[in-house]
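A.B. asks: Handing you this structure, nothing more for now.
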Amino acid sequence: MSQTSSYPLLVTGASGHFGQRVLEHLVHTLKVPANQIIATSRKPESLAAWAALGVTVRSADFDDAASLRNAFAGAKRLLLISTDALDRPGRRLEQHQNAVAAAQAAGVQHVVYTSMPLPEGSPLLIAPDHAGTEKALAASTLPGWTVLRNHWYFENLFMSVPSALASGQWYSAAGDGRVAYIARDDLARAAATALASDASGKRTLTLSGAQAFTTAEIASLVSAAVGKPIQVVPVPLEGLVQGMVGAGLPEPLARVFASFDTNTAAGRVAELSGDFKALTGTDPQPFAVWLEAHKAALAGA
């Protein structure tokens with residue numbers, strides 16, 4: 001990348017799994033000079049290896065507007081990775097609104113945001129965070145922004161498949177709803193590409209995998225790859241919630257996780273889009289390839 005007028009580039013949440021992959025793609029795939037990257041985190045000490053490469057590392061507290069303004073100072077383009085603040089309803093949206101306001105105050109020219117498919121009116125309990133952040137971007141005076149409506153990671157299957165393989169049963173309230181899963185690394189590459197480009201204006205992209213799967217189809221493919229049977233057991237939403245609570249999950253969090261199934265059943269994560277290839281110039285990784293690489297981990301080996 002040679003768009004020096006777009007530098008420095010800033011990545012929030014840089015110590016997380018997604019943020020780490022974004023930094024990898026910026027430096028090693030897109031060849032952005034490390035000294036033109038700012039990485040922020042609540043745990044800046046965890047970014048020491050990147051600092052040694054020349055990346056500027058800063059502390060950022062999304063609950064503190066002044067902290068964000070200081071962290072964002074000097075950045076031209078900024079990647080806002082949605083935070084993991086799910087401890088109380090509304091907190092994450094407040095954090096994102098703080099970030100949008102801080103980016104505006106710091107003179108950032110373009111914000112890239114990691115959203116979700118069809119957040120407006122979604123039954124997914126965390127959807128208002130994303131819909132509200134998109135509204136905050138639209139209402140801001142930022143010169144430009146890119147909303148990346150990311151489909152669910154293949155890696156999210158680690159939350160359900162290992163226990164299903166262990167018990168032989170996968171309890172689901174998703175019905176015949178489909179999910180257009182995509183690899184987390186692909187989405188990180190897309191975010192890095194959008195951040196490092198010189199694209200201006202305001203746009204919304206939907207980033208999906210190449211195929212959408214039902215829970216039963218995923219179960220069949222995993223079962224064949226691992227050599228263990230999985231029976232999908234349809235349950236009502238409340239039954240799914242109570243099963244999670246019985247397994248030790250706090251009820252508010254259980255309801256959030258269960259609402260993913262409700263959202264899937266409503267057909268809101270099934271859309272296939274060519275936006276990933278249009279943005280990156282590459283095809284998303286097929287599920288079969290990802291599954292072959294991760295089948296041992298899914299089986300708990």
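Within each chain, counting starts at residue 1; across the structure tokens, chains are named A, B, ... in the order shown, with ligands numbered 1 upward in that order.
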Give me the residues within 9 Å of stretch 158-168 of chain A as a PyMOL selection string, counting only C-alpha atoms and dropping any in the same chain fewer than 2 places off.
C.D. replies: chain A and resi 154-156+170-171+219+222-223+226+228-232+297-300
A.B. asks: Would you kindly return, as number ranges by chain, each protein, DNA or RNA residue with an atom no farther than 12 Å from any atom of A:Ala199, considering only C-alpha atoms and excluding same-chain residues fewer than 5 positions away?
C.D. replies: A: 3, 5-6, 77, 109-112, 143-146, 193-194, 279
A.B. asks: With all heavy atoms retained, could you export that selection as a short mmCIF file (atom, residue, chain, number, x, y, z; two decimals), in the first residue's frame?
C.D. replies:
data_model
loop_
_atom_site.label_atom_id
_atom_site.label_comp_id
_atom_site.auth_asym_id
_atom_site.auth_seq_id
_atom_site.Cartn_x
_atom_site.Cartn_y
_atom_site.Cartn_z
N GLN A 3 -0.68 4.58 -0.07
CA GLN A 3 -1.50 5.77 0.15
C GLN A 3 -1.03 6.48 1.41
O GLN A 3 -1.70 6.46 2.44
CB GLN A 3 -2.99 5.40 0.26
CG GLN A 3 -3.58 4.85 -1.02
CD GLN A 3 -3.42 3.35 -1.08
OE1 GLN A 3 -2.88 2.72 -0.20
NE2 GLN A 3 -3.89 2.75 -2.16
N SER A 5 -1.01 9.44 2.29
CA SER A 5 -1.91 10.48 2.80
C SER A 5 -2.94 9.90 3.74
O SER A 5 -3.59 10.63 4.49
CB SER A 5 -2.60 11.19 1.64
OG SER A 5 -3.41 10.28 0.91
N SER A 6 -3.14 8.56 3.70
CA SER A 6 -4.11 7.91 4.57
C SER A 6 -3.49 7.46 5.89
O SER A 6 -4.20 6.95 6.75
CB SER A 6 -4.71 6.69 3.86
OG SER A 6 -5.42 7.07 2.71
N ARG A 77 -7.08 7.12 9.40
CA ARG A 77 -8.11 6.10 9.19
C ARG A 77 -8.11 5.16 10.39
O ARG A 77 -7.04 4.83 10.92
CB ARG A 77 -7.86 5.32 7.89
CG ARG A 77 -7.98 6.19 6.64
CD ARG A 77 -7.61 5.43 5.37
NE ARG A 77 -8.60 4.41 5.01
CZ ARG A 77 -9.66 4.64 4.24
NH1 ARG A 77 -9.91 5.84 3.75
NH2 ARG A 77 -10.49 3.65 3.93
N GLN A 109 -10.29 10.82 9.39
CA GLN A 109 -10.94 11.04 8.10
C GLN A 109 -11.89 9.91 7.69
O GLN A 109 -12.82 10.12 6.91
CB GLN A 109 -9.88 11.23 7.01
CG GLN A 109 -9.02 12.46 7.22
CD GLN A 109 -9.84 13.74 7.20
OE1 GLN A 109 -10.46 14.07 6.21
NE2 GLN A 109 -9.85 14.44 8.33
N HIS A 110 -11.63 8.69 8.18
CA HIS A 110 -12.44 7.55 7.76
C HIS A 110 -12.44 6.51 8.87
O HIS A 110 -11.39 6.16 9.40
CB HIS A 110 -11.88 6.94 6.47
CG HIS A 110 -12.86 6.06 5.74
ND1 HIS A 110 -13.63 6.54 4.69
CD2 HIS A 110 -13.21 4.77 5.89
CE1 HIS A 110 -14.39 5.56 4.22
NE2 HIS A 110 -14.16 4.48 4.94
N VAL A 111 -13.64 6.02 9.20
CA VAL A 111 -13.78 4.96 10.21
C VAL A 111 -14.33 3.71 9.54
O VAL A 111 -15.30 3.77 8.77
CB VAL A 111 -14.72 5.39 11.36
CG1 VAL A 111 -15.08 4.21 12.25
CG2 VAL A 111 -14.09 6.49 12.19
N VAL A 112 -13.69 2.58 9.82
CA VAL A 112 -14.18 1.27 9.38
C VAL A 112 -14.74 0.58 10.62
O VAL A 112 -14.06 0.51 11.65
CB VAL A 112 -13.05 0.41 8.76
CG1 VAL A 112 -13.58 -0.95 8.32
CG2 VAL A 112 -12.42 1.16 7.58
N PRO A 143 -15.85 12.56 7.59
CA PRO A 143 -15.86 12.65 6.13
C PRO A 143 -16.25 11.35 5.44
O PRO A 143 -16.84 11.35 4.37
CB PRO A 143 -14.42 13.04 5.79
CG PRO A 143 -13.90 13.70 7.03
CD PRO A 143 -14.55 12.96 8.16
N GLY A 144 -15.88 10.21 6.06
CA GLY A 144 -16.20 8.94 5.43
C GLY A 144 -16.23 7.80 6.43
O GLY A 144 -15.66 7.90 7.52
N TRP A 145 -16.92 6.74 6.08
CA TRP A 145 -16.94 5.53 6.90
C TRP A 145 -17.29 4.33 6.04
O TRP A 145 -17.91 4.45 4.98
CB TRP A 145 -17.90 5.63 8.08
CG TRP A 145 -19.26 6.22 7.81
CD1 TRP A 145 -19.68 7.49 8.08
CD2 TRP A 145 -20.40 5.55 7.22
NE1 TRP A 145 -20.99 7.67 7.71
CE2 TRP A 145 -21.45 6.49 7.17
CE3 TRP A 145 -20.62 4.27 6.73
CZ2 TRP A 145 -22.71 6.19 6.65
CZ3 TRP A 145 -21.87 3.95 6.20
CH2 TRP A 145 -22.90 4.90 6.17
N THR A 146 -16.84 3.16 6.50
CA THR A 146 -17.16 1.88 5.87
C THR A 146 -17.71 0.96 6.95
O THR A 146 -17.04 0.70 7.95
CB THR A 146 -15.91 1.23 5.25
OG1 THR A 146 -15.39 2.08 4.22
CG2 THR A 146 -16.26 -0.13 4.63
N THR A 193 -7.86 -4.53 4.65
CA THR A 193 -7.91 -3.98 3.28
C THR A 193 -8.71 -2.69 3.24
O THR A 193 -8.30 -1.70 2.63
CB THR A 193 -8.52 -5.02 2.32
OG1 THR A 193 -7.73 -6.21 2.35
CG2 THR A 193 -8.57 -4.48 0.90
N ALA A 194 -9.88 -2.69 3.89
CA ALA A 194 -10.71 -1.48 3.92
C ALA A 194 -9.99 -0.35 4.65
O ALA A 194 -10.06 0.82 4.24
CB ALA A 194 -12.04 -1.78 4.59
N LEU A 279 -13.92 -6.60 -2.39
CA LEU A 279 -13.04 -5.79 -1.53
C LEU A 279 -11.61 -6.30 -1.54
O LEU A 279 -10.66 -5.52 -1.65
CB LEU A 279 -13.59 -5.78 -0.10
CG LEU A 279 -12.76 -5.06 0.97
CD1 LEU A 279 -12.62 -3.58 0.63
CD2 LEU A 279 -13.40 -5.24 2.35
#
A.B. asks: Between atom CA of A:Gly243 and atom CA of A:Arg178, what is the distance, to one decimal in Å?
C.D. replies: 22.4 Å
A.B. asks: Quick one: residues within 10 Å of stretch 14-27 of chain A, only C-alpha atoms counted, chain neighbours fewer than 5 positions away excluded, as a ChimeraX atom specification?
C.D. replies: /A:1,9,32-47,50,53,55,57-58,79-81,83-84,184-193,195-196
A.B. asks: Might you pull out every residue within 12 Å of A:Ala258, with only C-alpha atoms counted and same-chain residues fewer than 5 positions away left off, and present them as a VMD selection string?
C.D. replies: chain A and resid 123 to 126 159 to 160 171 to 174 235 to 245 249 251 to 253 263 to 265
A.B. asks: Selected residues, C-alpha atoms, written as a PDB file, in the first residue's frame, please.
C.D. replies:
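Writing the result to part.pdb gives the following:
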ATOM      1  CA  PRO A 123     -34.188 -10.630  17.219  1.00  0.00           C
ATOM      2  CA  LEU A 124     -30.525 -11.005  18.177  1.00  0.00           C
ATOM      3  CA  LEU A 125     -30.202  -9.301  21.552  1.00  0.00           C
ATOM      4  CA  ILE A 126     -26.886  -7.635  20.700  1.00  0.00           C
ATOM      5  CA  MET A 159     -18.897 -22.728  21.233  1.00  0.00           C
ATOM      6  CA  SER A 160     -21.269 -25.558  20.281  1.00  0.00           C
ATOM      7  CA  TYR A 171     -29.609 -28.779  20.892  1.00  0.00           C
ATOM      8  CA  SER A 172     -30.778 -26.064  18.504  1.00  0.00           C
ATOM      9  CA  ALA A 173     -33.590 -23.555  18.169  1.00  0.00           C
ATOM     10  CA  ALA A 174     -32.393 -22.430  14.727  1.00  0.00           C
ATOM     11  CA  VAL A 235     -35.773 -27.388  21.125  1.00  0.00           C
ATOM     12  CA  PRO A 236     -37.850 -24.274  21.820  1.00  0.00           C
ATOM     13  CA  LEU A 237     -35.977 -21.096  22.618  1.00  0.00           C
ATOM     14  CA  GLU A 238     -36.799 -21.230  26.324  1.00  0.00           C
ATOM     15  CA  GLY A 239     -35.588 -24.818  26.496  1.00  0.00           C
ATOM     16  CA  LEU A 240     -32.287 -23.756  24.958  1.00  0.00           C
ATOM     17  CA  VAL A 241     -31.934 -20.941  27.486  1.00  0.00           C
ATOM     18  CA  GLN A 242     -32.638 -23.185  30.449  1.00  0.00           C
ATOM     19  CA  GLY A 243     -30.211 -25.803  29.162  1.00  0.00           C
ATOM     20  CA  MET A 244     -27.445 -23.174  29.073  1.00  0.00           C
ATOM     21  CA  VAL A 245     -28.369 -21.949  32.561  1.00  0.00           C
ATOM     22  CA  LEU A 249     -24.148 -19.863  32.149  1.00  0.00           C
ATOM     23  CA  GLU A 251     -29.248 -16.347  32.421  1.00  0.00           C
ATOM     24  CA  PRO A 252     -28.755 -12.904  30.793  1.00  0.00           C
ATOM     25  CA  LEU A 253     -25.802 -14.255  28.823  1.00  0.00           C
ATOM     26  CA  ASN A 263     -31.889 -14.754  14.492  1.00  0.00           C
ATOM     27  CA  THR A 264     -30.802 -17.705  12.360  1.00  0.00           C
ATOM     28  CA  ALA A 265     -34.312 -19.186  12.322  1.00  0.00           C
TER      29      ALA A 265
END
A.B. asks: DSSP says alpha helix (DSSP H) for which residues of stretch 144-190 of chain A? Put them as a list in words?
C.D. replies: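 So the alpha helix (DSSP H) residues in stretch 144-190 of chain A would be Val161, Pro162, Ser163, Ala164, Leu165, Ala166, Ser167, Arg184, Asp185, Asp186, Leu187, Ala188, Arg189 and Ala190 of chain A.
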A.B. asks: Those same residues, written as a CSV table (one decimal), in the first residue's frame with C-alpha atoms?
C.D. replies:
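Saved result, result_18.csv, follows:
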chain,number,residue,atom,x,y,z
A,161,VAL,CA,-19.6,-28.3,18.3
A,162,PRO,CA,-17.2,-29.8,20.9
A,163,SER,CA,-20.0,-30.4,23.4
A,164,ALA,CA,-22.2,-31.8,20.6
A,165,LEU,CA,-19.5,-34.2,19.6
A,166,ALA,CA,-18.9,-35.2,23.2
A,167,SER,CA,-22.6,-35.9,23.9
A,184,ARG,CA,-12.4,-15.0,11.1
A,185,ASP,CA,-9.1,-14.5,9.3
A,186,ASP,CA,-10.9,-13.7,6.0
A,187,LEU,CA,-12.9,-11.0,7.8
A,188,ALA,CA,-9.7,-9.7,9.4
A,189,ARG,CA,-8.1,-9.4,5.9
A,190,ALA,CA,-11.2,-7.6,4.7
A.B. asks: Which of stretch 42-168 of chain A end up as strand (DSSP E) when DSSP is run on this backbone - answer as a list in words?
C.D. replies: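 Taking stretch 42-168 of chain A and keeping strand (DSSP E) gives Thr56, Val57, Arg58, Ser59, Arg77, Leu78, Leu79, Leu80, His110, Val111, Val112, Tyr113, Thr114, Ser115, Gly144, Trp145, Thr146, Val147, Leu148, Arg149 and Asn150 of chain A.
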A.B. asks: For the selection you just gave me, I'd like the residues written to a file as a PDB file, in the first residue's frame, keeping N, CA, C and O atoms.
C.D. replies:
ATOM      1  N   THR A  56       3.074   1.870  16.832  1.00  0.00           N
ATOM      2  CA  THR A  56       2.804   2.721  17.990  1.00  0.00           C
ATOM      3  C   THR A  56       1.687   2.087  18.807  1.00  0.00           C
ATOM      4  O   THR A  56       0.602   1.829  18.292  1.00  0.00           O
ATOM      5  N   VAL A  57       1.944   1.818  20.075  1.00  0.00           N
ATOM      6  CA  VAL A  57       0.974   1.162  20.944  1.00  0.00           C
ATOM      7  C   VAL A  57       0.456   2.173  21.972  1.00  0.00           C
ATOM      8  O   VAL A  57       1.239   2.872  22.612  1.00  0.00           O
ATOM      9  N   ARG A  58      -0.872   2.230  22.087  1.00  0.00           N
ATOM     10  CA  ARG A  58      -1.488   3.172  23.021  1.00  0.00           C
ATOM     11  C   ARG A  58      -2.573   2.473  23.835  1.00  0.00           C
ATOM     12  O   ARG A  58      -3.240   1.571  23.344  1.00  0.00           O
ATOM     13  N   SER A  59      -2.776   2.956  25.048  1.00  0.00           N
ATOM     14  CA  SER A  59      -3.852   2.476  25.888  1.00  0.00           C
ATOM     15  C   SER A  59      -5.142   3.198  25.508  1.00  0.00           C
ATOM     16  O   SER A  59      -5.131   4.399  25.214  1.00  0.00           O
ATOM     17  N   ARG A  77      -7.076   7.121   9.405  1.00  0.00           N
ATOM     18  CA  ARG A  77      -8.106   6.098   9.187  1.00  0.00           C
ATOM     19  C   ARG A  77      -8.110   5.163  10.393  1.00  0.00           C
ATOM     20  O   ARG A  77      -7.041   4.828  10.919  1.00  0.00           O
ATOM     21  N   LEU A  78      -9.300   4.768  10.819  1.00  0.00           N
ATOM     22  CA  LEU A  78      -9.431   4.044  12.087  1.00  0.00           C
ATOM     23  C   LEU A  78     -10.355   2.850  11.916  1.00  0.00           C
ATOM     24  O   LEU A  78     -11.433   2.971  11.321  1.00  0.00           O
ATOM     25  N   LEU A  79      -9.924   1.699  12.417  1.00  0.00           N
ATOM     26  CA  LEU A  79     -10.761   0.512  12.461  1.00  0.00           C
ATOM     27  C   LEU A  79     -11.351   0.379  13.849  1.00  0.00           C
ATOM     28  O   LEU A  79     -10.621   0.171  14.823  1.00  0.00           O
ATOM     29  N   LEU A  80     -12.674   0.486  13.949  1.00  0.00           N
ATOM     30  CA  LEU A  80     -13.380   0.311  15.207  1.00  0.00           C
ATOM     31  C   LEU A  80     -13.899  -1.122  15.260  1.00  0.00           C
ATOM     32  O   LEU A  80     -14.892  -1.466  14.615  1.00  0.00           O
ATOM     33  N   HIS A 110     -11.625   8.692   8.176  1.00  0.00           N
ATOM     34  CA  HIS A 110     -12.442   7.551   7.760  1.00  0.00           C
ATOM     35  C   HIS A 110     -12.444   6.515   8.870  1.00  0.00           C
ATOM     36  O   HIS A 110     -11.387   6.156   9.403  1.00  0.00           O
ATOM     37  N   VAL A 111     -13.640   6.019   9.203  1.00  0.00           N
ATOM     38  CA  VAL A 111     -13.784   4.961  10.212  1.00  0.00           C
ATOM     39  C   VAL A 111     -14.328   3.707   9.537  1.00  0.00           C
ATOM     40  O   VAL A 111     -15.296   3.770   8.772  1.00  0.00           O
ATOM     41  N   VAL A 112     -13.694   2.576   9.816  1.00  0.00           N
ATOM     42  CA  VAL A 112     -14.178   1.267   9.380  1.00  0.00           C
ATOM     43  C   VAL A 112     -14.736   0.578  10.618  1.00  0.00           C
ATOM     44  O   VAL A 112     -14.064   0.508  11.651  1.00  0.00           O
ATOM     45  N   TYR A 113     -15.965   0.067  10.524  1.00  0.00           N
ATOM     46  CA  TYR A 113     -16.613  -0.532  11.699  1.00  0.00           C
ATOM     47  C   TYR A 113     -17.052  -1.960  11.413  1.00  0.00           C
ATOM     48  O   TYR A 113     -17.621  -2.245  10.357  1.00  0.00           O
ATOM     49  N   THR A 114     -16.815  -2.856  12.368  1.00  0.00           N
ATOM     50  CA  THR A 114     -17.219  -4.259  12.223  1.00  0.00           C
ATOM     51  C   THR A 114     -18.620  -4.455  12.805  1.00  0.00           C
ATOM     52  O   THR A 114     -18.790  -4.553  14.017  1.00  0.00           O
ATOM     53  N   SER A 115     -19.596  -4.543  11.935  1.00  0.00           N
ATOM     54  CA  SER A 115     -20.985  -4.682  12.330  1.00  0.00           C
ATOM     55  C   SER A 115     -21.454  -6.120  12.099  1.00  0.00           C
ATOM     56  O   SER A 115     -20.655  -7.055  12.104  1.00  0.00           O
ATOM     57  N   GLY A 144     -15.884  10.214   6.057  1.00  0.00           N
ATOM     58  CA  GLY A 144     -16.199   8.936   5.435  1.00  0.00           C
ATOM     59  C   GLY A 144     -16.233   7.803   6.432  1.00  0.00           C
ATOM     60  O   GLY A 144     -15.664   7.901   7.523  1.00  0.00           O
ATOM     61  N   TRP A 145     -16.923   6.736   6.077  1.00  0.00           N
ATOM     62  CA  TRP A 145     -16.939   5.533   6.899  1.00  0.00           C
ATOM     63  C   TRP A 145     -17.291   4.329   6.041  1.00  0.00           C
ATOM     64  O   TRP A 145     -17.908   4.449   4.980  1.00  0.00           O
ATOM     65  N   THR A 146     -16.838   3.157   6.502  1.00  0.00           N
ATOM     66  CA  THR A 146     -17.156   1.880   5.874  1.00  0.00           C
ATOM     67  C   THR A 146     -17.709   0.960   6.950  1.00  0.00           C
ATOM     68  O   THR A 146     -17.039   0.705   7.948  1.00  0.00           O
ATOM     69  N   VAL A 147     -18.927   0.494   6.759  1.00  0.00           N
ATOM     70  CA  VAL A 147     -19.519  -0.484   7.660  1.00  0.00           C
ATOM     71  C   VAL A 147     -19.330  -1.860   7.044  1.00  0.00           C
ATOM     72  O   VAL A 147     -19.741  -2.100   5.910  1.00  0.00           O
ATOM     73  N   LEU A 148     -18.680  -2.748   7.792  1.00  0.00           N
ATOM     74  CA  LEU A 148     -18.482  -4.132   7.366  1.00  0.00           C
ATOM     75  C   LEU A 148     -19.466  -5.003   8.144  1.00  0.00           C
ATOM     76  O   LEU A 148     -19.282  -5.250   9.331  1.00  0.00           O
ATOM     77  N   ARG A 149     -20.504  -5.459   7.469  1.00  0.00           N
ATOM     78  CA  ARG A 149     -21.492  -6.321   8.124  1.00  0.00           C
ATOM     79  C   ARG A 149     -20.995  -7.761   8.046  1.00  0.00           C
ATOM     80  O   ARG A 149     -21.303  -8.496   7.112  1.00  0.00           O
ATOM     81  N   ASN A 150     -20.233  -8.125   9.052  1.00  0.00           N
ATOM     82  CA  ASN A 150     -19.549  -9.420   9.077  1.00  0.00           C
ATOM     83  C   ASN A 150     -20.493 -10.559   9.444  1.00  0.00           C
ATOM     84  O   ASN A 150     -21.163 -10.503  10.478  1.00  0.00           O
TER      85      ASN A 150
END
A.B. asks: Contacts of A:Phe276 at 7 Å or less, counting only C-alpha atoms, minus same-chain residues fewer than 2 places along, as a list of chain:residue names?
C.D. replies: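 Contacts, in chain order: A:Ala190, A:Leu207, A:Ser208, A:Gly274, A:Ala278, A:Leu279, A:Thr280.
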A.B. asks: Figure out the distance between atom CA of A:Asp261 and atom CA of A:His294, please, to one decimal in Å.
C.D. replies: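 These two atoms are separated by 22.9 Å.
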